[in-house]
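As provided, run_25.pdb (PDB, C-alpha atoms) reads as follows.
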```
ATOM      1  CA  MET A   1       0.891 248.633  96.571  1.00  0.00           C
ATOM      2  CA  GLU A   2       3.744 250.191  98.511  1.00  0.00           C
ATOM      3  CA  GLU A   3       3.745 253.191  96.170  1.00  0.00           C
ATOM      4  CA  HIS A   4       0.389 254.284  97.609  1.00  0.00           C
ATOM      5  CA  MET A   5       1.499 254.078 101.227  1.00  0.00           C
ATOM      6  CA  PRO A   6       1.798 257.473 102.941  1.00  0.00           C
ATOM      7  CA  ARG A   7       5.342 258.770 103.388  1.00  0.00           C
ATOM      8  CA  ASN A   8       4.602 259.369 107.085  1.00  0.00           C
ATOM      9  CA  ALA A   9       1.555 260.008 109.281  1.00  0.00           C
ATOM     10  CA  PHE A  10       1.203 263.518 107.815  1.00  0.00           C
ATOM     11  CA  ASP A  11       2.032 262.505 104.228  1.00  0.00           C
ATOM     12  CA  ILE A  12       4.786 265.120 104.050  1.00  0.00           C
ATOM     13  CA  PRO A  13       7.284 264.744 101.188  1.00  0.00           C
ATOM     14  CA  LYS A  14      10.827 263.618 101.933  1.00  0.00           C
ATOM     15  CA  ILE A  15      13.585 266.082 102.860  1.00  0.00           C
ATOM     16  CA  PHE A  16      14.791 266.554  99.261  1.00  0.00           C
ATOM     17  CA  TYR A  17      11.449 268.235  98.467  1.00  0.00           C
ATOM     18  CA  PHE A  18      12.364 271.013 100.904  1.00  0.00           C
ATOM     19  CA  GLU A  19      15.999 271.126  99.767  1.00  0.00           C
ATOM     20  CA  ALA A  20      14.581 272.227  96.403  1.00  0.00           C
ATOM     21  CA  GLY A  21      12.910 275.194  98.159  1.00  0.00           C
ATOM     22  CA  ASN A  22       9.336 273.896  98.058  1.00  0.00           C
ATOM     23  CA  VAL A  23       6.732 274.863 100.669  1.00  0.00           C
ATOM     24  CA  HIS A  24       4.254 272.223 101.847  1.00  0.00           C
ATOM     25  CA  THR A  25       0.854 272.755 103.454  1.00  0.00           C
ATOM     26  CA  GLY A  26      -1.462 270.050 104.656  1.00  0.00           C
ATOM     27  CA  SER A  27      -3.863 268.812 107.259  1.00  0.00           C
ATOM     28  CA  ARG A  28      -4.615 265.746 109.327  1.00  0.00           C
ATOM     29  CA  LYS A  29      -8.138 265.773 110.716  1.00  0.00           C
ATOM     30  CA  HIS A  30      -8.328 268.911 112.933  1.00  0.00           C
ATOM     31  CA  LEU A  31      -4.676 270.000 112.549  1.00  0.00           C
ATOM     32  CA  ARG A  32      -3.504 272.274 109.731  1.00  0.00           C
ATOM     33  CA  TYR A  33       0.185 272.889 109.077  1.00  0.00           C
ATOM     34  CA  ARG A  34       2.679 274.607 106.801  1.00  0.00           C
ATOM     35  CA  VAL A  35       6.340 273.660 106.337  1.00  0.00           C
ATOM     36  CA  ASP A  36       8.521 276.388 104.838  1.00  0.00           C
ATOM     37  CA  PRO A  37      12.231 275.817 104.126  1.00  0.00           C
ATOM     38  CA  ALA A  38      14.537 278.804 104.577  1.00  0.00           C
ATOM     39  CA  GLU A  39      18.242 279.169 105.324  1.00  0.00           C
ATOM     40  CA  ASN A  40      18.733 275.410 105.915  1.00  0.00           C
ATOM     41  CA  GLN A  41      15.833 275.337 108.377  1.00  0.00           C
ATOM     42  CA  LEU A  42      12.307 273.925 108.269  1.00  0.00           C
ATOM     43  CA  LYS A  43       9.838 276.402 109.765  1.00  0.00           C
ATOM     44  CA  VAL A  44       6.594 274.714 110.819  1.00  0.00           C
ATOM     45  CA  GLU A  45       3.403 276.534 111.745  1.00  0.00           C
ATOM     46  CA  VAL A  46       0.235 274.852 113.002  1.00  0.00           C
ATOM     47  CA  TRP A  47      -3.370 275.932 113.509  1.00  0.00           C
ATOM     48  CA  ARG A  48      -6.742 274.276 114.010  1.00  0.00           C
ATOM     49  CA  LYS A  49      -9.154 276.687 112.347  1.00  0.00           C
ATOM     50  CA  ASP A  50     -10.663 275.389 109.130  1.00  0.00           C
ATOM     51  CA  LEU A  51      -9.043 278.144 107.071  1.00  0.00           C
ATOM     52  CA  CYS A  52      -6.168 278.353 104.620  1.00  0.00           C
ATOM     53  CA  TYR A  53      -2.792 279.677 105.770  1.00  0.00           C
ATOM     54  CA  GLU A  54      -3.287 283.084 104.149  1.00  0.00           C
ATOM     55  CA  LEU A  55      -6.463 283.720 106.181  1.00  0.00           C
ATOM     56  CA  VAL A  56      -5.373 282.344 109.540  1.00  0.00           C
ATOM     57  CA  GLN A  57      -2.365 284.487 110.487  1.00  0.00           C
ATOM     58  CA  ASP A  58      -3.943 285.610 113.750  1.00  0.00           C
ATOM     59  CA  ALA A  59      -4.734 282.001 114.751  1.00  0.00           C
ATOM     60  CA  ILE A  60      -1.334 280.314 114.342  1.00  0.00           C
ATOM     61  CA  GLU A  61      -1.079 278.245 117.520  1.00  0.00           C
ATOM     62  CA  ALA A  62       2.550 277.114 117.377  1.00  0.00           C
ATOM     63  CA  THR A  63       5.669 277.796 115.346  1.00  0.00           C
ATOM     64  CA  GLU A  64       8.888 275.774 115.515  1.00  0.00           C
ATOM     65  CA  THR A  65      12.053 275.654 113.445  1.00  0.00           C
ATOM     66  CA  PHE A  66      14.116 272.539 112.813  1.00  0.00           C
ATOM     67  CA  PRO A  67      17.392 271.905 110.981  1.00  0.00           C
ATOM     68  CA  GLN A  68      16.885 270.981 107.336  1.00  0.00           C
ATOM     69  CA  THR A  69      18.428 267.534 107.874  1.00  0.00           C
ATOM     70  CA  GLU A  70      17.073 264.002 108.204  1.00  0.00           C
ATOM     71  CA  GLU A  71      17.234 264.376 111.993  1.00  0.00           C
ATOM     72  CA  GLY A  72      15.478 267.740 111.854  1.00  0.00           C
ATOM     73  CA  PHE A  73      12.852 266.250 109.557  1.00  0.00           C
ATOM     74  CA  GLN A  74      12.121 263.534 112.125  1.00  0.00           C
ATOM     75  CA  GLN A  75      12.007 266.149 114.909  1.00  0.00           C
ATOM     76  CA  MET A  76       9.481 268.075 112.809  1.00  0.00           C
ATOM     77  CA  LEU A  77       7.300 264.965 112.453  1.00  0.00           C
ATOM     78  CA  ASP A  78       7.513 264.385 116.213  1.00  0.00           C
ATOM     79  CA  PHE A  79       6.473 268.008 116.813  1.00  0.00           C
ATOM     80  CA  LEU A  80       3.504 267.651 114.453  1.00  0.00           C
ATOM     81  CA  GLN A  81       2.453 264.425 116.167  1.00  0.00           C
ATOM     82  CA  ALA A  82       2.612 266.113 119.580  1.00  0.00           C
ATOM     83  CA  GLU A  83       0.486 268.992 118.260  1.00  0.00           C
ATOM     84  CA  TYR A  84      -1.950 266.529 116.708  1.00  0.00           C
ATOM     85  CA  ASP A  85      -2.244 264.638 120.012  1.00  0.00           C
ATOM     86  CA  LYS A  86      -3.151 267.763 122.011  1.00  0.00           C
ATOM     87  CA  PRO A  87      -6.790 267.847 123.090  1.00  0.00           C
ATOM     88  CA  THR A  88      -9.042 270.017 120.976  1.00  0.00           C
ATOM     89  CA  GLU A  89     -11.679 272.397 122.235  1.00  0.00           C
ATOM     90  CA  THR A  90     -15.226 271.123 121.890  1.00  0.00           C
TER      91      THR A  90
END
```
Could you write out this structure as structure tokens?
Amino acid sequence: MEEHMPRNAFDIPKIFYFEAGNVHTGSRKHLRYRVDPAENQLKVEVWRKDLCYELVQDAIEATETFPQTEEGFQQMLDFLQAEYDKPTET
């Protein structure tokens, strides 16, 4: 059943998905995120409001850019994990 295992904790497609110019949005519990490839970079934006990206522009909490490489991809996952691990307001 390995084919049904998540690609990573955020179930983000592998780097070749972004090399093809695809944008990826997703969520993991309270964290929402968008990964946008541009000019050999992966731009990541995160927010916690339960709204889609198009409606949450004023509530983006963090934005980071990583090289569009395997190393940059791993750095992006580490960044997302750190954002996920931050305490949430109750």
Calculate how many Å separate atom CA of Tyr84 of chain A from atom CA of Ile60 of chain A, rounding to one decimal.
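Rounded to one decimal, the two atoms are 14.0 Å apart.
Atom to atom, atom CA of Gln41 of chain A and atom CA of Phe66 of chain A stand 5.5 Å apart.
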Near segment 33-37 of chain A, counting only C-alpha atoms, which residues have an atom at most 12 Å away, once you skip same-chain residues fewer than 6 positions from it, shown as a PyMOL selection string?
chain A and resi 10-27+43-54+56-57+59-69+72-73+76-77+79-81+83-84
How many Å separate atom CA of Gln74 of chain A from atom CA of Lys86 of chain A?
18.7 Å
